[in-house]
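Asks: Provided below: run.cif, containing mmCIF, C-alpha atoms and all ligand atoms.
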data_structure
#
loop_
_atom_site.group_PDB
_atom_site.id
_atom_site.type_symbol
_atom_site.label_atom_id
_atom_site.label_comp_id
_atom_site.auth_asym_id
_atom_site.auth_seq_id
_atom_site.Cartn_x
_atom_site.Cartn_y
_atom_site.Cartn_z
ATOM 1 C CA MET A 1 0.000 0.000 0.000
ATOM 2 C CA SER A 2 1.421 3.389 -1.051
ATOM 3 C CA VAL A 3 0.324 6.869 -0.106
ATOM 4 C CA TYR A 4 0.315 9.443 -2.944
ATOM 5 C CA HIS A 5 0.263 13.164 -2.370
ATOM 6 C CA ILE A 6 -1.367 14.665 -5.480
ATOM 7 C CA VAL A 7 -1.419 18.444 -5.369
ATOM 8 C CA PHE A 8 -2.148 21.508 -7.515
ATOM 9 C CA SER A 9 -0.628 24.475 -5.709
ATOM 10 C CA PRO A 10 0.556 27.396 -7.850
ATOM 11 C CA THR A 11 1.538 29.654 -4.927
ATOM 12 C CA GLY A 12 2.115 27.064 -2.207
ATOM 13 C CA GLY A 13 -0.850 27.590 0.154
ATOM 14 C CA THR A 14 -2.607 24.386 -0.869
ATOM 15 C CA LYS A 15 0.663 22.496 -0.535
ATOM 16 C CA LYS A 16 1.284 23.892 2.963
ATOM 17 C CA VAL A 17 -2.082 22.468 4.036
ATOM 18 C CA SER A 18 -1.611 19.140 2.297
ATOM 19 C CA ASP A 19 1.986 18.786 3.563
ATOM 20 C CA ILE A 20 0.772 19.095 7.163
ATOM 21 C CA PHE A 21 -2.074 16.652 6.559
ATOM 22 C CA THR A 22 -0.026 14.127 4.571
ATOM 23 C CA ALA A 23 2.888 14.075 7.044
ATOM 24 C CA SER A 24 0.433 13.281 9.864
ATOM 25 C CA PHE A 25 -1.319 10.637 7.781
ATOM 26 C CA SER A 26 1.774 8.726 6.711
ATOM 27 C CA SER A 27 5.520 8.928 7.268
ATOM 28 C CA GLU A 28 6.143 8.191 3.568
ATOM 29 C CA SER A 29 4.348 9.531 0.523
ATOM 30 C CA ILE A 30 4.982 9.987 -3.185
ATOM 31 C CA LEU A 31 4.434 13.499 -4.537
ATOM 32 C CA ILE A 32 2.605 14.102 -7.823
ATOM 33 C CA ASP A 33 2.675 17.790 -8.787
ATOM 34 C CA LEU A 34 -0.332 18.717 -10.924
ATOM 35 C CA THR A 35 1.252 22.018 -11.967
ATOM 36 C CA GLU A 36 3.951 20.224 -14.012
ATOM 37 C CA ARG A 37 3.239 20.782 -17.702
ATOM 38 C CA SER A 38 5.741 18.259 -18.972
ATOM 39 C CA ARG A 39 4.421 15.336 -16.943
ATOM 40 C CA ASP A 40 2.363 12.613 -18.598
ATOM 41 C CA PHE A 41 -0.469 12.195 -16.090
ATOM 42 C CA SER A 42 -1.958 9.276 -18.021
ATOM 43 C CA SER A 43 0.960 7.216 -16.685
ATOM 44 C CA CYS A 44 -0.313 7.786 -13.108
ATOM 45 C CA SER A 45 -2.040 4.511 -12.368
ATOM 46 C CA PHE A 46 -2.824 3.337 -8.849
ATOM 47 C CA ALA A 47 -3.737 0.115 -7.023
ATOM 48 C CA GLU A 48 -6.870 -0.538 -4.969
ATOM 49 C CA THR A 49 -4.755 -0.693 -1.818
ATOM 50 C CA ASP A 50 -3.255 2.784 -2.419
ATOM 51 C CA THR A 51 -4.413 5.985 -0.761
ATOM 52 C CA CYS A 52 -4.276 9.222 -2.748
ATOM 53 C CA ILE A 53 -4.510 12.547 -0.942
ATOM 54 C CA VAL A 54 -5.754 14.960 -3.614
ATOM 55 C CA SER A 55 -5.433 18.666 -2.809
ATOM 56 C CA VAL A 56 -6.659 21.555 -4.936
ATOM 57 C CA PRO A 57 -7.338 25.251 -4.381
ATOM 58 C CA SER A 58 -10.846 26.570 -4.910
ATOM 59 C CA TYR A 59 -11.062 28.995 -7.846
ATOM 60 C CA GLY A 60 -14.453 30.722 -8.007
ATOM 61 C CA GLY A 61 -15.835 27.868 -5.911
ATOM 62 C CA ARG A 62 -14.653 25.295 -8.471
ATOM 63 C CA VAL A 63 -11.672 23.043 -9.168
ATOM 64 C CA PRO A 64 -9.197 24.813 -11.509
ATOM 65 C CA ASP A 65 -9.858 23.506 -15.068
ATOM 66 C CA ILE A 66 -6.267 22.473 -15.667
ATOM 67 C CA ALA A 67 -6.302 20.331 -12.504
ATOM 68 C CA VAL A 68 -9.546 18.698 -13.695
ATOM 69 C CA THR A 69 -7.948 17.877 -17.062
ATOM 70 C CA ARG A 70 -4.866 16.331 -15.424
ATOM 71 C CA LEU A 71 -6.834 14.348 -12.815
ATOM 72 C CA ARG A 72 -9.062 12.980 -15.583
ATOM 73 C CA GLN A 73 -5.987 11.484 -17.260
ATOM 74 C CA MET A 74 -5.169 9.360 -14.190
ATOM 75 C CA ASN A 75 -6.306 5.849 -13.519
ATOM 76 C CA GLY A 76 -7.607 5.340 -9.970
ATOM 77 C CA ASN A 77 -8.286 1.584 -10.269
ATOM 78 C CA GLY A 78 -10.304 1.738 -7.032
ATOM 79 C CA ALA A 79 -7.638 3.519 -4.946
ATOM 80 C CA SER A 80 -8.962 5.417 -1.925
ATOM 81 C CA ALA A 81 -9.004 9.201 -2.293
ATOM 82 C CA ILE A 82 -8.983 11.806 0.467
ATOM 83 C CA LEU A 83 -10.087 15.149 -0.954
ATOM 84 C CA ILE A 84 -8.631 18.428 0.293
ATOM 85 C CA ALA A 85 -10.175 21.707 -0.897
ATOM 86 C CA VAL A 86 -8.207 24.778 0.100
ATOM 87 C CA TYR A 87 -9.786 28.231 -0.130
ATOM 88 C CA GLY A 88 -8.946 31.823 0.673
ATOM 89 C CA ASN A 89 -11.521 32.401 3.403
ATOM 90 C CA ARG A 90 -14.454 33.340 1.106
ATOM 91 C CA ALA A 91 -16.097 29.981 0.302
ATOM 92 C CA TYR A 92 -15.383 26.705 -1.474
ATOM 93 C CA ASP A 93 -18.900 26.431 -2.940
ATOM 94 C CA ASP A 94 -18.956 23.461 -5.382
ATOM 95 C CA THR A 95 -15.273 22.511 -5.251
ATOM 96 C CA PHE A 96 -15.975 19.213 -3.487
ATOM 97 C CA ALA A 97 -18.908 18.278 -5.736
ATOM 98 C CA GLU A 98 -16.726 18.757 -8.822
ATOM 99 C CA LEU A 99 -13.634 17.095 -7.343
ATOM 100 C CA GLN A 100 -15.645 14.103 -6.150
ATOM 101 C CA ASP A 101 -17.245 13.681 -9.610
ATOM 102 C CA VAL A 102 -13.896 13.949 -11.417
ATOM 103 C CA LEU A 103 -12.210 11.453 -9.090
ATOM 104 C CA ALA A 104 -15.110 8.994 -9.241
ATOM 105 C CA ASP A 105 -15.017 9.183 -13.071
ATOM 106 C CA SER A 106 -11.276 8.421 -12.958
ATOM 107 C CA GLY A 107 -11.838 5.319 -10.863
ATOM 108 C CA PHE A 108 -11.066 6.566 -7.346
ATOM 109 C CA SER A 109 -13.129 5.728 -4.288
ATOM 110 C CA CYS A 110 -13.664 8.938 -2.288
ATOM 111 C CA ILE A 111 -13.531 8.137 1.418
ATOM 112 C CA ALA A 112 -13.024 11.417 3.281
ATOM 113 C CA ALA A 113 -12.606 15.136 2.694
ATOM 114 C CA VAL A 114 -11.142 18.192 4.351
ATOM 115 C CA ALA A 115 -11.909 21.859 3.658
ATOM 116 C CA ALA A 116 -9.124 24.134 4.827
ATOM 117 C CA VAL A 117 -8.230 27.799 4.648
ATOM 118 C CA ALA A 118 -4.966 29.240 3.302
ATOM 119 C CA GLU A 119 -3.906 32.804 2.607
ATOM 120 C CA HIS A 120 -5.812 34.213 -0.372
ATOM 121 C CA SER A 121 -3.340 34.030 -3.240
ATOM 122 C CA ILE A 122 -4.688 37.144 -5.013
ATOM 123 C CA MET A 123 -5.696 39.251 -1.989
ATOM 124 C CA ARG A 124 -3.046 38.288 0.538
ATOM 125 C CA GLN A 125 -4.612 40.359 3.318
ATOM 126 C CA TYR A 126 -7.366 37.734 3.600
ATOM 127 C CA ALA A 127 -6.529 34.665 5.714
ATOM 128 C CA ALA A 128 -2.982 36.083 6.022
ATOM 129 C CA GLY A 129 -0.572 33.620 7.602
ATOM 130 C CA ARG A 130 -2.867 30.634 7.286
ATOM 131 C CA PRO A 131 -2.446 27.735 7.684
ATOM 132 C CA ASN A 132 -1.091 28.692 11.131
ATOM 133 C CA ALA A 133 -0.283 26.663 14.247
ATOM 134 C CA GLN A 134 -3.958 26.327 15.162
ATOM 135 C CA ASP A 135 -4.712 24.998 11.662
ATOM 136 C CA ALA A 136 -1.792 22.577 11.872
ATOM 137 C CA GLU A 137 -3.296 21.134 15.030
ATOM 138 C CA THR A 138 -6.739 20.565 13.451
ATOM 139 C CA LEU A 139 -5.269 19.162 10.241
ATOM 140 C CA THR A 140 -3.118 16.734 12.214
ATOM 141 C CA ARG A 141 -6.140 15.611 14.226
ATOM 142 C CA PHE A 142 -8.201 15.123 11.031
ATOM 143 C CA ALA A 143 -5.436 13.018 9.450
ATOM 144 C CA GLU A 144 -5.097 10.819 12.537
ATOM 145 C CA ASN A 145 -8.875 10.446 12.761
ATOM 146 C CA ILE A 146 -9.201 9.332 9.114
ATOM 147 C CA ARG A 147 -6.233 6.975 9.449
ATOM 148 C CA ALA A 148 -7.744 5.339 12.571
ATOM 149 C CA LYS A 149 -11.142 4.943 10.859
ATOM 150 C CA MET A 150 -9.522 3.420 7.753
ATOM 151 C CA GLU A 151 -7.606 0.934 9.890
ATOM 152 C CA ALA A 152 -10.769 0.019 11.785
ATOM 153 C CA GLY A 153 -12.647 -0.356 8.462
ATOM 154 C CA SER A 154 -15.340 1.975 9.793
ATOM 155 C CA LEU A 155 -15.505 4.525 6.959
ATOM 156 C CA SER A 156 -18.757 4.737 5.025
ATOM 157 C CA SER A 157 -18.505 4.112 1.281
ATOM 158 C CA HIS A 158 -20.988 6.957 0.695
ATOM 159 C CA LEU A 159 -19.286 10.259 1.241
ATOM 160 C CA ASN A 160 -21.790 13.126 1.400
ATOM 161 C CA LEU A 161 -20.110 16.383 0.552
ATOM 162 C CA PRO A 162 -21.523 19.912 0.271
ATOM 163 C CA GLY A 163 -21.966 21.429 -3.198
ATOM 164 C CA ASN A 164 -24.425 21.862 -6.034
ATOM 165 C CA ARG A 165 -24.819 20.211 -9.423
ATOM 166 C CA PRO A 166 -24.736 21.851 -11.903
ATOM 167 C CA TYR A 167 -21.720 23.589 -10.461
ATOM 168 C CA ARG A 168 -21.457 27.323 -9.926
ATOM 169 C CA GLU A 169 -20.496 29.191 -13.141
ATOM 170 C CA TYR A 170 -16.880 30.352 -13.172
ATOM 171 C CA GLY A 171 -15.401 32.312 -16.036
ATOM 172 C CA GLY A 172 -12.074 33.299 -14.460
ATOM 173 C CA VAL A 173 -11.028 36.597 -12.932
ATOM 174 C CA PRO A 174 -9.920 39.708 -14.852
ATOM 175 C CA LEU A 175 -6.645 39.994 -12.898
ATOM 176 C CA LYS A 176 -3.661 38.937 -15.023
ATOM 177 C CA PRO A 177 -0.105 39.707 -13.871
ATOM 178 C CA ALA A 178 2.036 41.712 -16.284
ATOM 179 C CA ALA A 179 5.830 42.138 -16.397
ATOM 180 C CA GLY A 180 7.334 45.529 -15.629
ATOM 181 C CA LYS A 181 10.678 47.133 -16.486
ATOM 182 C CA SER A 182 12.687 45.102 -13.964
ATOM 183 C CA CYS A 183 11.991 41.860 -15.856
ATOM 184 C CA ASN A 184 15.402 40.511 -16.982
ATOM 185 C CA ARG A 185 13.897 37.664 -19.040
ATOM 186 C CA CYS A 186 15.285 34.931 -16.809
ATOM 187 C CA GLY A 187 12.385 32.754 -17.995
ATOM 188 C CA LEU A 188 11.503 31.240 -14.602
ATOM 189 C CA CYS A 189 7.863 32.386 -14.835
ATOM 190 C CA ALA A 190 7.487 30.895 -18.318
ATOM 191 C CA ASP A 191 9.076 27.650 -17.185
ATOM 192 C CA LYS A 192 6.902 27.265 -14.078
ATOM 193 C CA CYS A 193 3.572 28.551 -15.412
ATOM 194 C CA PRO A 194 1.098 25.651 -14.934
ATOM 195 C CA THR A 195 -0.637 26.366 -18.242
ATOM 196 C CA GLY A 196 2.228 27.575 -20.464
ATOM 197 C CA ALA A 197 0.638 31.022 -20.769
ATOM 198 C CA ILE A 198 3.942 32.934 -20.714
ATOM 199 C CA ASP A 199 6.221 33.175 -23.739
ATOM 200 C CA THR A 200 9.768 32.015 -22.855
ATOM 201 C CA ALA A 201 11.517 34.424 -25.247
ATOM 202 C CA THR A 202 9.353 37.410 -24.312
ATOM 203 C CA PRO A 203 8.019 36.787 -20.791
ATOM 204 C CA SER A 204 6.280 40.152 -20.847
ATOM 205 C CA GLN A 205 3.747 38.515 -23.161
ATOM 206 C CA THR A 206 1.097 36.457 -21.411
ATOM 207 C CA ASP A 207 -1.622 34.668 -23.329
ATOM 208 C CA PRO A 208 -4.803 35.955 -21.635
ATOM 209 C CA LYS A 209 -6.747 32.891 -22.817
ATOM 210 C CA LEU A 210 -4.306 30.466 -21.175
ATOM 211 C CA CYS A 211 -3.603 32.512 -18.016
ATOM 212 C CA ILE A 212 -5.709 31.247 -15.085
ATOM 213 C CA SER A 213 -4.666 34.110 -12.765
ATOM 214 C CA CYS A 214 -3.056 31.631 -10.398
ATOM 215 C CA MET A 215 -0.411 34.217 -9.372
ATOM 216 C CA ARG A 216 2.502 31.774 -9.528
ATOM 217 C CA CYS A 217 4.533 34.016 -11.852
ATOM 218 C CA MET A 218 4.170 36.918 -9.418
ATOM 219 C CA ALA A 219 4.986 34.758 -6.407
ATOM 220 C CA ILE A 220 8.191 33.261 -7.838
ATOM 221 C CA CYS A 221 9.697 36.151 -9.843
ATOM 222 C CA PRO A 222 13.168 36.788 -8.359
ATOM 223 C CA GLN A 223 13.017 40.436 -9.556
ATOM 224 C CA HIS A 224 9.444 41.024 -8.284
ATOM 225 C CA ALA A 225 8.878 42.282 -11.797
ATOM 226 C CA ARG A 226 5.326 41.046 -12.249
ATOM 227 C CA SER A 227 2.297 42.815 -10.857
ATOM 228 C CA LEU A 228 -1.448 43.288 -11.147
ATOM 229 C CA ASN A 229 -3.327 46.401 -12.165
ATOM 230 C CA LYS A 230 -3.536 48.269 -8.835
ATOM 231 C CA ALA A 231 -6.994 49.784 -9.397
ATOM 232 C CA LEU A 232 -8.540 46.465 -10.416
ATOM 233 C CA HIS A 233 -6.884 44.736 -7.453
ATOM 234 C CA ALA A 234 -8.161 47.355 -4.999
ATOM 235 C CA ALA A 235 -11.695 47.109 -6.420
ATOM 236 C CA ALA A 236 -11.679 43.294 -6.193
ATOM 237 C CA SER A 237 -10.355 43.454 -2.610
ATOM 238 C CA LEU A 238 -13.113 45.830 -1.572
ATOM 239 C CA LYS A 239 -15.779 43.696 -3.216
ATOM 240 C CA LEU A 240 -14.639 40.597 -1.300
ATOM 241 C CA LYS A 241 -13.905 42.286 2.036
ATOM 242 C CA LYS A 242 -17.076 41.215 3.822
ATOM 243 C CA ALA A 243 -17.133 37.680 2.400
ATOM 244 C CA CYS A 244 -13.469 37.050 3.295
ATOM 245 C CA SER A 245 -13.561 38.524 6.814
ATOM 246 C CA GLY A 246 -13.644 36.583 10.083
ATOM 247 C CA ARG A 247 -11.877 33.322 10.764
ATOM 248 C CA LYS A 248 -13.390 30.309 8.983
ATOM 249 C CA GLU A 249 -12.644 26.939 10.508
ATOM 250 C CA ASN A 250 -11.315 23.875 8.721
ATOM 251 C CA GLU A 251 -13.904 21.132 8.256
ATOM 252 C CA LEU A 252 -13.705 17.358 8.151
ATOM 253 C CA PHE A 253 -16.114 15.124 6.204
ATOM 254 C CA LEU A 254 -16.250 11.371 6.724
HETATM 255 C C1 LIG B 1 -8.151 32.583 -9.671
HETATM 256 C C2 LIG B 1 -8.427 32.389 -8.203
HETATM 257 C C3 LIG B 1 -9.722 32.234 -7.756
HETATM 258 C C4 LIG B 1 -9.982 32.063 -6.387
HETATM 259 N N1 LIG B 1 -11.267 31.870 -5.952
HETATM 260 C C5 LIG B 1 -11.521 31.690 -4.635
HETATM 261 C C6 LIG B 1 -12.850 31.467 -4.177
HETATM 262 O O1 LIG B 1 -13.803 31.357 -4.939
HETATM 263 N N2 LIG B 1 -13.055 31.337 -2.832
HETATM 264 C C7 LIG B 1 -12.030 31.453 -1.925
HETATM 265 O O2 LIG B 1 -12.293 31.399 -0.722
HETATM 266 N N3 LIG B 1 -10.739 31.607 -2.347
HETATM 267 C C8 LIG B 1 -10.472 31.728 -3.666
HETATM 268 N N4 LIG B 1 -9.175 31.884 -4.107
HETATM 269 C C9 LIG B 1 -8.084 31.777 -3.131
HETATM 270 C C10 LIG B 1 -7.408 30.408 -3.206
HETATM 271 O O3 LIG B 1 -8.358 29.365 -3.195
HETATM 272 C C11 LIG B 1 -6.460 30.195 -2.033
HETATM 273 O O4 LIG B 1 -5.677 31.318 -1.809
HETATM 274 C C12 LIG B 1 -5.556 28.991 -2.256
HETATM 275 O O5 LIG B 1 -4.846 28.760 -1.072
HETATM 276 C C13 LIG B 1 -4.563 29.216 -3.371
HETATM 277 O O6 LIG B 1 -3.807 28.055 -3.536
HETATM 278 P P1 LIG B 1 -2.228 28.050 -3.777
HETATM 279 O O7 LIG B 1 -1.607 28.926 -2.698
HETATM 280 O O8 LIG B 1 -1.892 26.628 -3.608
HETATM 281 O O9 LIG B 1 -1.962 28.586 -5.128
HETATM 282 C C14 LIG B 1 -8.904 32.062 -5.450
HETATM 283 C C15 LIG B 1 -7.597 32.236 -5.924
HETATM 284 C C16 LIG B 1 -7.352 32.389 -7.272
HETATM 285 C C17 LIG B 1 -5.941 32.543 -7.751
#
The structure in this file should be written as structure tokens.
Replies:
Amino acid sequence: MSVYHIVFSPTGGTKKVSDIFTASFSSESILIDLTERSRDFSSCSFAETDTCIVSVPSYGGRVPDIAVTRLRQMNGNGASAILIAVYGNRAYDDTFAELQDVLADSGFSCIAAVAAVAEHSIMRQYAAGRPNAQDAETLTRFAENIRAKMEAGSLSSHLNLPGNRPYREYGGVPLKPAAGKSCNRCGLCADKCPTGAIDTATPSQTDPKLCISCMRCMAICPQHARSLNKALHAAASLKLKKACSGRKENELFL
């Protein structure tokens, strides 16, 4: 029996959550990074005795399209899946409904789920510093709880998760990072972009159709050369202020 840690985490918040959870669930795990463009995900095939911890961020209350595409290429073969939806303190809406459907279609058996909060990757003032020590404690407890229930064989095969079908409409956000004068064309952003939206030769050019506004290019640029339109960012922050305020707790579903 192997434990796989399958994660889509452009700016690292989702991975922080799933690292804490996975380390408490098992001392050994195999990482599969869903942001890697060059990887052939159709070669990811699992056994019924495997456990796959699948972590995604919520984008507009949905699973990011590119993560859906890559998960659909995998072959679950009846492996158990623990779903982790990470969100920026607004809401995760239909993320679980969509993730559960995608994983079931790919042959996984969904046995448990965790909703957790991480710093909002576009508006970093919301859920700043999360996951924190208090979150680490809950996530560790959840992982131990699921592990104990799996060992006792007492998990239900019908996992009821919140969410609507059809899923909430999501057409992306109008915030696309652009390169400024300090860009020295090192190419790191182009190399690490999960969708290949940035041109390697001219990184100042981003394909708006491919860009999913994941903010990875901004987060990793060594020159801090990439930024968002300040007025649009301020307007979006104001619009979400109420919805993103107040601490939201992590939730466990069994
Ligand atoms: C394009 C986009 C859409 C997002 N939509 C939501 C949302 O609907 N609800 C929410 O609470 N957080 C939302 N967030 C925040 C992320 O879910 C959260 O910050 C997550 O931790 C980002 O994952 P990462 O750090 O692994 O990239 C969104 C972030 C991005 C980039």
Asks: Tell me, in Å to one decimal, how far atom CA of A:Val173 is from atom CA of A:Met74.
Replies: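 Atom CA of A:Met74 lies at a distance of 27.9 Å from atom CA of A:Val173.
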Asks: Given the choices A:Thr202, A:Asn75, A:Asn160, A:Gln100, which gets closest to A:Leu252 if the distance is worked out from only C-alpha atoms?
Replies: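 That would be A:Asn160, the residue with the smallest distance to A:Leu252.
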Asks: Return as a ChimeraX atom specification the residues of protein, DNA or RNA that approach ligand LIG 1 (chain B) to within 7 Å, with only C-alpha atoms and all ligand atoms taken into account.
Replies: /A:8-15,57-61,86-92,117-122,172-173,212-215
Asks: Measure the distance from atom CA of A:Asp19 to atom CA of A:Ile84 in Å and round it to one decimal.
Replies: 11.1 Å
Asks: Would you translate the PyMOL selection byres (((chain A and resi 36-42) around 8) and not hetatm) into the concrete set of residues it matches in this file, as number ranges by chain?
Replies: A: 33-35, 43-45, 70-71, 73-75, 192, 194-196
Asks: Output C-alpha atoms of each residue in that selection to a file, as a PDB file, in the frame of the given file.
Replies:
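The file below, result-v6.pdb, is the result:
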ATOM      1  CA  ASP A  33       2.675  17.790  -8.787  1.00  0.00           C
ATOM      2  CA  LEU A  34      -0.332  18.717 -10.924  1.00  0.00           C
ATOM      3  CA  THR A  35       1.252  22.018 -11.967  1.00  0.00           C
ATOM      4  CA  SER A  43       0.960   7.216 -16.685  1.00  0.00           C
ATOM      5  CA  CYS A  44      -0.313   7.786 -13.108  1.00  0.00           C
ATOM      6  CA  SER A  45      -2.040   4.511 -12.368  1.00  0.00           C
ATOM      7  CA  ARG A  70      -4.866  16.331 -15.424  1.00  0.00           C
ATOM      8  CA  LEU A  71      -6.834  14.348 -12.815  1.00  0.00           C
ATOM      9  CA  GLN A  73      -5.987  11.484 -17.260  1.00  0.00           C
ATOM     10  CA  MET A  74      -5.169   9.360 -14.190  1.00  0.00           C
ATOM     11  CA  ASN A  75      -6.306   5.849 -13.519  1.00  0.00           C
ATOM     12  CA  LYS A 192       6.902  27.265 -14.078  1.00  0.00           C
ATOM     13  CA  PRO A 194       1.098  25.651 -14.934  1.00  0.00           C
ATOM     14  CA  THR A 195      -0.637  26.366 -18.242  1.00  0.00           C
ATOM     15  CA  GLY A 196       2.228  27.575 -20.464  1.00  0.00           C
TER      16      GLY A 196
END
Asks: Would you mind listing what lies within 9 Å of A:Asp135 as a VMD selection string, with all atoms listed in the file counted and same-chain residues fewer than 3 positions away left out?
Replies: chain A and resid 17 116 to 117 130 to 132 138 to 140 249 to 250
Asks: Within 7 Å of (2.0, 6.7, -5.7) (coordinates as in the file), grab all the protein and nucleic acid residues, counting only C-alpha atoms, and write them out as a list in words.
Replies: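 It turns out the residues near that spot are Ser2, Val3, Tyr4, Ile30 and Phe46 of chain A.
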Asks: Give me the box for stretch 41-53 of chain A as AutoDock Vina command-line options, namely the centre and edge lengths in Å to one decimal of a box along x, y and z that holds every listed atom plus 3 Å on each side.
Replies:
--center_x -3.0 --center_y 5.9 --center_z -9.4 --size_x 13.8 --size_y 19.2 --size_z 23.3
Asks: Could you add whatever atoms are missing so that stretch 48-69 of chain A carries N, CA and C atoms, then write the result as a compact mmCIF listing (two decimals), in the frame of the given file?
Replies:
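Dumped to selection.txt:
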# COMPACT_ATOMS: atom_id res chain seq x y z
N GLU A 48 -5.72 -0.65 -5.88
CA GLU A 48 -6.87 -0.54 -4.97
C GLU A 48 -6.43 -0.31 -3.52
N THR A 49 -5.24 -0.81 -3.19
CA THR A 49 -4.76 -0.69 -1.82
C THR A 49 -4.07 0.66 -1.54
N ASP A 50 -3.92 1.48 -2.60
CA ASP A 50 -3.26 2.78 -2.42
C ASP A 50 -4.22 3.82 -1.85
N THR A 51 -3.63 4.83 -1.19
CA THR A 51 -4.41 5.98 -0.76
C THR A 51 -3.84 7.22 -1.44
N CYS A 52 -4.71 8.00 -2.07
CA CYS A 52 -4.28 9.22 -2.75
C CYS A 52 -4.89 10.43 -2.05
N ILE A 53 -4.04 11.31 -1.57
CA ILE A 53 -4.51 12.55 -0.94
C ILE A 53 -4.48 13.61 -2.04
N VAL A 54 -5.66 14.07 -2.45
CA VAL A 54 -5.75 14.96 -3.61
C VAL A 54 -6.14 16.37 -3.15
N SER A 55 -5.22 17.31 -3.33
CA SER A 55 -5.43 18.67 -2.81
C SER A 55 -5.48 19.69 -3.94
N VAL A 56 -6.53 20.50 -3.92
CA VAL A 56 -6.66 21.56 -4.94
C VAL A 56 -7.12 22.85 -4.28
N PRO A 57 -6.77 24.00 -4.87
CA PRO A 57 -7.34 25.25 -4.38
C PRO A 57 -8.71 25.45 -5.00
N SER A 58 -9.56 26.22 -4.34
CA SER A 58 -10.85 26.57 -4.91
C SER A 58 -10.69 27.85 -5.71
N TYR A 59 -11.07 27.80 -6.99
CA TYR A 59 -11.06 29.00 -7.85
C TYR A 59 -12.52 29.29 -8.23
N GLY A 60 -13.05 30.40 -7.72
CA GLY A 60 -14.45 30.72 -8.01
C GLY A 60 -15.39 29.63 -7.52
N GLY A 61 -15.00 28.94 -6.45
CA GLY A 61 -15.84 27.87 -5.91
C GLY A 61 -15.80 26.59 -6.73
N ARG A 62 -14.79 26.46 -7.60
CA ARG A 62 -14.65 25.30 -8.47
C ARG A 62 -13.23 24.75 -8.41
N VAL A 63 -13.03 23.59 -9.03
CA VAL A 63 -11.67 23.04 -9.17
C VAL A 63 -11.05 23.72 -10.40
N PRO A 64 -9.80 24.21 -10.32
CA PRO A 64 -9.20 24.81 -11.51
C PRO A 64 -9.25 23.84 -12.71
N ASP A 65 -9.68 24.35 -13.87
CA ASP A 65 -9.86 23.51 -15.07
C ASP A 65 -8.65 22.63 -15.39
N ILE A 66 -7.47 23.22 -15.28
CA ILE A 66 -6.27 22.47 -15.67
C ILE A 66 -6.03 21.29 -14.71
N ALA A 67 -6.43 21.45 -13.46
CA ALA A 67 -6.30 20.33 -12.50
C ALA A 67 -7.32 19.24 -12.85
N VAL A 68 -8.52 19.66 -13.27
CA VAL A 68 -9.55 18.70 -13.70
C VAL A 68 -9.01 17.87 -14.87
N THR A 69 -8.46 18.56 -15.87
CA THR A 69 -7.95 17.88 -17.06
C THR A 69 -6.89 16.84 -16.67
